[in-house]
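In what follows, a structure is listed as structure tokens, so that the remarks can point back to it.
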Protein chains: 2
Amino acid sequence: MGDLIKVLHEGLPVEAVLTDPDVTRAYANDMASFCASGTPAVVVLPRTVEQVRHVMRTATALRVPVVPQGARTGLSGAANASDGCIVLSLVKMDRIIEINPVDRVAVVEPGVVNAVLSRAVAEQGLYYPPDPSSWEQCTIGGNIGTASGGLCCVKYGVTAEYVLGLDVVLADGRLMSTGRRTAKGVAGYDLTRLFVGSEGSLGIVVRAVLALKPAPPEQRVLAAEFPSAAAACAAVCEIMARGHAPSLLELMDRTSVRAVNAMTHMGLPDTTEALLLAAFDTPDPAPDLAAVAELCTAAGATEVVPADSAAESDLLLQARRMTLTALETLRPATMIDDVCVPRSRLADMLDGTAAIAEKYALTIGVCAHAGDGNTHPVVCFDPADPDEARRARESFDEIMALGLELGGTITGEHGVGVLKKEWLARELGPVGLEMQRGIKAVFDPLGLLNPGKVLDLCPPGG
Amino acid sequence: MGDLIKVLHEGLPVEAVLTDPDVTRAYANDMASFCASGTPAVVVLPRTVEQVRHVMRTATALRVPVVPQGARTGLSGAANASDGCIVLSLVKMDRIIEINPVDRVAVVEPGVVNAVLSRAVAEQGLYYPPDPSSWEQCTIGGNIGTASGGLCCVKYGVTAEYVLGLDVVLADGRLMSTGRRTAKGVAGYDLTRLFVGSEGSLGIVVRAVLALKPAPPEQRVLAAEFPSAAAACAAVCEIMARGHAPSLLELMDRTSVRAVNAMTHMGLPDTTEALLLAAFDTPDPAPDLAAVAELCTAAGATEVVPADSAAESDLLLQARRMTLTALETLRPATMIDDVCVPRSRLADMLDGTAAIAEKYALTIGVCAHAGDGNTHPVVCFDPADPDEARRARESFDEIMALGLELGGTITGEHGVGVLKKEWLARELGPVGLEMQRGIKAVFDPLGLLNPGKVLDLCPPGG
């Protein structure tokens with residue numbers, strides 16, 4: 001331990017090495033519930049690639065595990081510290097190195113906050129689509145680690161689709177470049193994509209080349225109220241089957257709508273069973289909005305209200321963005337699921353989740369990136385009540401089981417972390433899991449990078 | 001050898017095992033020049049996953065290398081047979097299993113021809129964008145193996161972006177599923193993407209879940225003549241920097257235009273130095289076409305001609321699609337490069353290529369997916385003339401060196417195969433190469449899958 005700190009100091013400035021337990025304690029957790037965390041030996045805050053390399057060389061030399069961190073807004077415990085680890089926080093590496101409108105790329109360090117980058121590229125008429133709910137806090141490095149999504153995905157896809165190339169510091173401190181800054185490229189196996197979503201378990205991303213899009217026109221939103229979740233899902237299926245390309249297609253269930261109303265007094269339709277928000281960002285959204293309004297009505301919508309202005313559109317989006325916060329006010333704690341199912345099974349997923357809530361006598365509010373079939377059931381509970389906490393965890397798991405049964409995945413965009421590690425094995429099956437372990441061993445033979453996250457190096461009992 | 005055929009017959013019907021050298025000879029090569037190929041011991045044509053598993057189990061048991069093949073339209077020798085290998089042709093596994101407009105996915109076997117799938121999904125109002133020039137012959141499995149591109153990529157991206165999930169038979173015959181059929185998913189490392197572009201060196205793709213888009217309106221094309229390649233490239237940069245999203249942005253140099261004219265008497269502008277084709281497939285392409293016309297004129301275009309009709313648009317696209325064939329008529333043989341550079345360096349790439357043609361006293365025609373910075377310099381030569389053949393190979397390599405120097409990649413969409421194997425090492429660097437070798441060893445520890453393609457298992461001299 002004394003050795004570790006001493007060697008770290010050899011390549012890091014004094015202020016970049018934190019050892020005071022009162023200070024380091026703040027770096028123990030991300031935002032996931034039910035995920036154990038330990039006490040780090042030290043928190044380091046490098047500002048350069050060379051400093052990161054020094055940290056990794058030190059970790060390898062002394063066999064100390066390393067937990068990389070961004071803004072710790074993750075929801076699966078992937079950034080939780082383990083006992084005696086080095087927490088490697090990348091938040092001080094926050095430079096935007098380049099924004100190039102001709103090549104439509106940005107080159108950034110991992111600690112750049114998503115919203116900071118989004119605003120910087122917008123100033124040049126460009127658009128960096130990935131917009132996780134935490135976009136005002138979360139970092140690009142964290143987004144890459146968890147392959148974050150957001151509201152825009154139904155039209156623009158997830159973080160993975162915007163990462164062209166990476167500079168990565170490997171476990172032993174060597175530097176590797178992956179990918180490219182060109183629009184296309186197929187030189188060798190796609191290591192870039194392998195790192196996206198790897199939750200810091202394969203290497204430390206220290207620089208990223210990101211693809212940008214031209215800034216689209218401001219989106220116009222339409223809201224539709226439905227008498228049942230199934231009717232709203234039927235509308236979603238029709239909208240997508242008819243070839244519309246909404247820039248957003250979101251669903252809030254009754255519990256979500258009421259929670260947002262109670263918190264904000266926004267005057268959302270309190271009696272609705274499901275509120276659907278659809279948006280288009282084309283030069284002329286009117287034809288799409290009219291067609292979608294008709295499809296909603298045909299699917300049973302009791303009310304369809306197009307936002308009359310950009311301000312009204314913004315208000316509706318704000319309501320959606322506030323859902324998680326609003327649901328958090330219902331009980332002392334929440335667990336947020338992230339099950340993504342084929343769009344055609346969305347109604348089954350929502351009805352099944354409602355049945356699970358009833359079975360366990362719990363409040364479970366659901367908001368969903370409905371166009372992607374990506375649901376976020378939020379299990380609300382009191383951790384001080386052991387029985388309720390047990391029911392919360394069981395219902396959370398049962399929701400994942402339902403997702404798999406419907407041909408879906410346990411995680412659409414939040415990642416695996418420690419929260420869903422056992423479930424990952426179930427989704428991948430033994431052969432897939434073995435290959436994933438093999439890949440982990442190629443990059444991290446000593447098992448020092450974020451150990452215990454995503455997957456365990458040894459098979460259970462092995 | 002007798003053993004091999006006997007064991008193969010145990011799990012394959014008689015007609016699926018070809019051993020007559022007059023027949024198997026036809027399976028020795030893909031369409032690359034300058035790539036050695038050997039004599040296969042046997043060609044197998046399985047129709048089921050179980051038969052593929054039998055082939056791979058046999059190959060592993062008897063330690064026989066396996067070369068997977070689609071339609072052999074590849075341009076880098078990735079499908080070339082090696083001596084004594086099993087050629088595993090997937091062309092008989094050609095079923096479209098499902099097309100689902102609500103989930104916007106297709107599930108296919110690897111032998112489905114690209115054009116067959118494209119037409120089948122079009123009938124349901126859907127669109128499978130990847131459109132390599134060989135789309136009437138090439139298979140989806142081959143497209144996945146080489147991560148194929150095409151004309152559509154500037155707006156719609158490459159094959160990789162449409163592969164959601166795979167069923168893969170591993171080297172030892174085990175079956176593994178990767179990815180998902182949902183719109184999003186981040187469960188574990190992205191093995192799907194790892195297989196895309198791996199040229200059959202990691203496993204045998206036996207089933208793919210592909211993402212589809214809604215069918216766009218028919219595209220309208222505009223043609224612009226430029227007095228220099230640099231002026232055309234300046235127009236390309238402006239078009240992209242101003243935020244236009246063309247569905248196609250192609251460039252043909254003077255040599256290409258003249259070759260097409262000579263072959264087809266199409267009446268293209270023979271005197272042009274560079275012909276630029278831009279297209280838009282939006283509901284109302286007029287504003288974009290007008291703006292692009294203006295940008296072309298400002299960049300020095302001597303003539304800008306919007307196609308007046310769909311038929312005229314088609315004719316221009318045909319000219320572009322015929323370029324390679326037309327250039328092939330100029331000399332007895334051709335080698336086609338595939339260098340992709342950042343868009344902002346496209347002019348340097350074209351001017352540099354012209355200088356290389358002059359230096360080596362060769363005809364090198366260039367067509368380019370200009371919007372992507374992806375150039376295809378076609379080196380025309382006579383292989384019967386040893387000096388000309390040497391100059392051809394040297395100029396081919398010098399073009400790749402130039403691409404790397406400009407921050408580009410040696411292959412935008414054709415892959416590495418055997419043709420660019422040494423160049424891959426140069427692009428990746430030693431650390432990247434070591435990691436790629438590690439991944440290869442995880443999936444193919446015995447080195448039986450398409451050996452000698454993409455990369456060699458051992459370091460040079462190792």
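FYI, nothing fancy with the structure tokens labels: chains A, B, ... in order, residues from 1 per chain, ligands from 1 as they appear.
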
Compute the chain B side of the contact with chain A at 7 Å, counting only C-alpha atoms, and hand it back as a ChimeraX atom specification. /B:101-103,147,176-177,181-190,193-194,197-198,214,237,240-241,243,340-344,372,408-413,415-416,424,431-432,435-436,438-439,442,454

Using DSSP secondary structure from the backbone, list all helix (DSSP H, G or I) positions within region 16-176 of chain A, as number ranges by chain. A: 16, 21-27, 49-62, 114-122, 140-146, 153-156, 159-162

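Those residues of region 279-410 of chain A that DSSP, working from the backbone, places in strand (DSSP E or B) are Ala279, Phe280, Glu303, Val304, Val305, Pro306, Ala333, Thr334, Met335, Ile336, Val339, Cys340, Thr363, Ile364, Gly365, Val366, Cys367, Ala368, His369, Asn374, Thr375, His376, Pro377, Val378, Val379, Cys380, Phe381 and Thr409 of chain A.
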
Would you export the selected residues with N, CA and C atoms as a compact mmCIF listing (two decimals), in the first residue's frame, please?
# COMPACT_ATOMS: atom_id res chain seq x y z
N ALA A 279 -41.93 12.18 -32.14
CA ALA A 279 -41.37 13.43 -32.65
C ALA A 279 -40.73 13.20 -34.02
N PHE A 280 -40.70 14.24 -34.80
CA PHE A 280 -40.01 14.20 -36.10
C PHE A 280 -39.15 15.44 -36.23
N GLU A 303 -57.03 10.68 -27.10
CA GLU A 303 -56.70 12.10 -27.36
C GLU A 303 -55.33 12.15 -28.05
N VAL A 304 -55.23 12.97 -29.09
CA VAL A 304 -53.95 13.13 -29.78
C VAL A 304 -53.67 14.63 -29.89
N VAL A 305 -52.59 15.07 -29.29
CA VAL A 305 -52.31 16.51 -29.23
C VAL A 305 -50.95 16.83 -29.79
N PRO A 306 -50.89 17.43 -30.97
CA PRO A 306 -49.58 17.87 -31.46
C PRO A 306 -49.14 19.12 -30.71
N ALA A 333 -36.31 4.15 -2.36
CA ALA A 333 -35.27 3.72 -3.32
C ALA A 333 -35.91 3.17 -4.60
N THR A 334 -35.10 3.08 -5.63
CA THR A 334 -35.58 2.49 -6.88
C THR A 334 -34.50 1.58 -7.46
N MET A 335 -34.95 0.62 -8.29
CA MET A 335 -34.04 -0.15 -9.14
C MET A 335 -34.60 -0.02 -10.54
N ILE A 336 -33.72 0.28 -11.48
CA ILE A 336 -34.22 0.50 -12.83
C ILE A 336 -33.77 -0.62 -13.76
N VAL A 339 -34.67 -3.68 -19.94
CA VAL A 339 -34.92 -4.80 -20.83
C VAL A 339 -35.35 -4.30 -22.21
N CYS A 340 -34.72 -4.82 -23.23
CA CYS A 340 -35.09 -4.45 -24.60
C CYS A 340 -35.64 -5.70 -25.30
N THR A 363 -44.93 -0.96 -6.44
CA THR A 363 -45.12 0.07 -7.46
C THR A 363 -43.97 -0.04 -8.46
N ILE A 364 -44.31 -0.32 -9.70
CA ILE A 364 -43.30 -0.36 -10.77
C ILE A 364 -43.77 0.58 -11.88
N GLY A 365 -43.12 1.73 -11.99
CA GLY A 365 -43.45 2.65 -13.08
C GLY A 365 -42.61 2.31 -14.29
N VAL A 366 -43.20 2.44 -15.47
CA VAL A 366 -42.44 2.11 -16.68
C VAL A 366 -42.38 3.30 -17.62
N CYS A 367 -41.17 3.68 -18.00
CA CYS A 367 -41.04 4.52 -19.18
C CYS A 367 -40.24 3.69 -20.18
N ALA A 368 -40.42 3.98 -21.45
CA ALA A 368 -39.80 3.12 -22.46
C ALA A 368 -39.41 3.92 -23.69
N HIS A 369 -38.23 3.58 -24.23
CA HIS A 369 -37.90 4.02 -25.58
C HIS A 369 -38.68 3.06 -26.49
N ASN A 374 -37.25 -0.77 -25.95
CA ASN A 374 -36.38 -0.71 -24.77
C ASN A 374 -37.16 -0.14 -23.58
N THR A 375 -37.50 -1.01 -22.61
CA THR A 375 -38.30 -0.57 -21.47
C THR A 375 -37.44 -0.34 -20.24
N HIS A 376 -37.83 0.63 -19.45
CA HIS A 376 -37.17 0.88 -18.17
C HIS A 376 -38.20 0.74 -17.04
N PRO A 377 -38.50 -0.47 -16.64
CA PRO A 377 -39.37 -0.62 -15.46
C PRO A 377 -38.60 -0.17 -14.22
N VAL A 378 -39.18 0.74 -13.47
CA VAL A 378 -38.53 1.28 -12.27
C VAL A 378 -39.24 0.70 -11.05
N VAL A 379 -38.53 -0.16 -10.36
CA VAL A 379 -39.09 -0.81 -9.18
C VAL A 379 -38.88 0.11 -7.98
N CYS A 380 -39.97 0.54 -7.36
CA CYS A 380 -39.89 1.49 -6.24
C CYS A 380 -40.07 0.72 -4.93
N PHE A 381 -39.16 0.96 -3.97
CA PHE A 381 -39.23 0.14 -2.75
C PHE A 381 -38.52 0.84 -1.59
N THR A 409 -33.23 -8.77 -24.59
CA THR A 409 -31.95 -8.76 -23.88
C THR A 409 -32.12 -8.12 -22.51

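By only C-alpha atoms, and with residues fewer than 6 positions from Ala259 (chain A) along its chain excluded, the set lying at most 10 Å from it is His265, Asp270, Met322, Thr323, Leu324, Thr325, Ala326, Leu327, Glu328, Thr329, Leu330 and Gly365 of chain A.
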
All residues 9 Å or closer to Tyr162 (chain A), only C-alpha atoms, same chain fewer than 4 positions away omitted, as JSON, numbers by chain: {"A": [128, 129, 130, 157, 158, 209, 210, 211, 212]}
